[in-house]
file structure_32.pdb (PDB, C-alpha atoms)
MODEL        1
ATOM      1  CA  ASP A 231     102.729 114.370  84.134
ATOM      2  CA  PHE A 232     102.678 110.786  85.251
ATOM      3  CA  LEU A 233     101.560 107.401  83.925
ATOM      4  CA  LEU A 234     100.326 104.576  86.155
ATOM      5  CA  THR A 235     100.498 101.071  84.672
ATOM      6  CA  GLN A 236     100.739  97.507  85.945
ATOM      7  CA  LYS A 237     104.181  97.034  84.398
ATOM      8  CA  ARG A 238     107.061  99.489  84.475
ATOM      9  CA  ASP A 239     108.926  98.427  81.377
ATOM     10  CA  GLU A 240     110.963 100.313  78.831
ATOM     11  CA  ALA A 241     108.290 100.201  76.122
ATOM     12  CA  ALA A 242     105.659 101.771  78.388
ATOM     13  CA  ALA A 243     108.082 104.453  79.599
ATOM     14  CA  LYS A 244     109.213 105.231  76.054
ATOM     15  CA  SER A 245     105.636 105.590  74.820
ATOM     16  CA  PHE A 246     104.885 107.923  77.736
ATOM     17  CA  PHE A 247     107.930 110.104  77.051
ATOM     18  CA  ASN A 248     107.180 110.197  73.306
ATOM     19  CA  LYS A 249     103.606 111.269  74.037
ATOM     20  CA  ALA A 250     104.787 113.940  76.497
ATOM     21  CA  ILE A 251     107.421 115.231  74.050
ATOM     22  CA  SER A 252     104.917 115.403  71.186
ATOM     23  CA  SER A 253     102.485 117.477  73.241
ATOM     24  CA  SER A 254     104.920 119.706  75.186
ATOM     25  CA  GLY A 255     108.137 119.751  73.178
ATOM     26  CA  LEU A 256     111.589 118.422  73.940
ATOM     27  CA  PRO A 257     112.696 119.129  77.532
ATOM     28  CA  ALA A 258     116.242 120.135  78.427
ATOM     29  CA  VAL A 259     116.205 118.228  81.741
ATOM     30  CA  VAL A 260     114.036 115.363  82.996
ATOM     31  CA  THR A 261     113.979 114.516  86.702
ATOM     32  CA  ILE A 262     113.194 110.855  87.400
ATOM     33  CA  ASP A 263     113.539 108.404  90.248
ATOM     34  CA  LYS A 264     116.015 105.536  90.183
ATOM     35  CA  SER A 265     113.821 103.264  88.026
ATOM     36  CA  GLY A 266     115.652 101.434  85.290
ATOM     37  CA  SER A 267     112.783 101.566  82.805
ATOM     38  CA  ASN A 268     112.679 105.376  82.723
ATOM     39  CA  THR A 269     116.453 105.574  82.361
ATOM     40  CA  ALA A 270     116.466 103.024  79.540
ATOM     41  CA  ALA A 271     113.642 104.825  77.718
ATOM     42  CA  LEU A 272     115.352 108.219  77.966
ATOM     43  CA  ASN A 273     118.670 106.722  76.829
ATOM     44  CA  ALA A 274     116.874 105.247  73.791
ATOM     45  CA  ILE A 275     115.337 108.642  73.004
ATOM     46  CA  ASN A 276     118.762 110.298  73.378
ATOM     47  CA  LEU A 277     120.200 107.712  70.980
ATOM     48  CA  GLN A 278     117.518 108.634  68.430
ATOM     49  CA  LEU A 279     118.405 112.308  68.887
ATOM     50  CA  ILE A 280     122.092 111.525  68.238
ATOM     51  CA  ILE A 281     121.126 109.698  65.034
ATOM     52  CA  PHE A 282     119.047 112.715  63.942
ATOM     53  CA  TYR A 283     122.075 114.929  64.631
ATOM     54  CA  LEU A 284     124.281 112.713  62.470
ATOM     55  CA  LEU A 285     121.706 112.997  59.684
ATOM     56  CA  GLY A 286     121.977 116.788  59.729
ATOM     57  CA  CYS A 287     119.499 117.997  62.333
ATOM     58  CA  THR A 288     120.413 120.333  65.176
ATOM     59  CA  TRP A 289     122.037 119.003  68.349
ATOM     60  CA  MET A 290     119.453 118.168  71.000
ATOM     61  CA  GLN A 291     119.950 116.069  74.096
ATOM     62  CA  ILE A 292     117.823 115.353  77.172
ATOM     63  CA  HIS A 293     119.754 115.604  80.428
ATOM     64  CA  ILE A 294     118.652 112.886  82.863
ATOM     65  CA  ARG A 295     118.621 113.946  86.529
ATOM     66  CA  GLN A 296     117.962 111.075  88.936
ATOM     67  CA  ILE A 297     116.966 112.595  92.269
ATOM     68  CA  LYS A 298     114.301 110.831  94.286
ATOM     69  CA  TYR A 299     112.998 113.772  96.294
ATOM     70  CA  LEU A 300     112.791 116.425  93.551
ATOM     71  CA  ASN A 301     110.461 114.212  91.539
ATOM     72  CA  ASN A 302     108.030 113.588  94.404
ATOM     73  CA  VAL A 303     105.817 116.652  93.907
ATOM     74  CA  ILE A 304     102.680 114.952  95.231
ATOM     75  CA  GLU A 305     104.259 114.284  98.630
ATOM     76  CA  GLN A 306     105.785 117.757  98.816
ATOM     77  CA  ASP A 307     102.529 119.458  97.875
ATOM     78  CA  HIS A 308     101.006 119.214 101.350
ATOM     79  CA  ARG A 309     103.988 120.471 103.375
ATOM     80  CA  GLY A 310     102.337 123.847 104.003
ATOM     81  CA  ILE A 311      99.209 122.173 105.323
ATOM     82  CA  LYS A 312     101.256 120.110 107.788
ATOM     83  CA  ARG A 313     102.781 123.306 109.144
ATOM     84  CA  ILE A 314      99.352 124.836 109.758
ATOM     85  CA  ILE A 315      97.649 121.726 111.200
ATOM     86  CA  LYS A 316     100.441 120.597 113.537
ATOM     87  CA  PRO A 317      99.967 123.381 116.159
ATOM     88  CA  MET A 318      96.233 122.650 116.257
TER      89      MET A 318
ENDMDL
END

call {"tool": "encode", "arguments": {"input": "structure_32.pdb", "output": "structure tokens"}}
result
Amino acid sequence: DFLLTQKRDEAAAKSFFNKAISSSGLPAVVTIDKSGSNTAALNAINLQLIIFYLLGCTWMQIHIRQIKYLNNVIEQDHRGIKRIIKPM
């Protein structure tokens, strides 16, 4: 999923991740780009998960993977088409 807004701030990123987690469940790994807002939002969510663990819930943590090219699915989606069209 993705969210397009005018501002990329921590509050917008956190609301997006909370909405995605509520509909799809807690992911084990999240791949993001190098944006600071996404990192800050995921760190805040991980902090909440640590607090839940201290209160007696099970241990859950989201692993943050910051790799620019793995997250760019839209650009990678048309690679097969480029291979077919180029010889033409």

call {"tool": "atom_distance", "arguments": {"input": "structure_32.pdb", "atom1": "atom CA of A:Ile281", "atom2": "atom CA of A:Ala242"}}
result
21.9 Å

call {"tool": "closest_residue", "arguments": {"input": "structure_32.pdb", "among": "A:Met290, A:Ile262, A:Ile297, A:Leu272", "to": "A:Glu240", "atoms": "all atoms listed in the file"}}
result
A:Leu272

call {"tool": "axis_aligned_box", "arguments": {"input": "structure_32.pdb", "around": "stretch 258-269 of chain A", "padding_each_side": "5 Å", "output": "lines of an AutoDock Vina configuration file"}}
result
center_x = 114.6
center_y = 110.8
center_z = 84.3
size_x = 13.8
size_y = 28.7
size_z = 21.8

call {"tool": "closest_residue", "arguments": {"input": "structure_32.pdb", "among": "A:Ser253, A:Gln278, A:Lys244, A:Gln291", "to": "A:Gly266", "atoms": "only C-alpha atoms"}}
result
A:Lys244

call {"tool": "atom_distance", "arguments": {"input": "structure_32.pdb", "atom1": "atom CA of A:Thr261", "atom2": "atom CA of A:Arg238"}}
result
16.7 Å

call {"tool": "residues_near_point", "arguments": {"input": "structure_32.pdb", "point": "(119.2, 105.2, 80.2)", "cutoff": "12 Å", "atoms": "all atoms listed in the file", "output": "JSON, numbers by chain"}}
result
{"A": [240, 243, 244, 260, 262, 263, 264, 265, 266, 267, 268, 269, 270, 271, 272, 273, 274, 275, 276, 277, 292, 293, 294, 295, 296]}
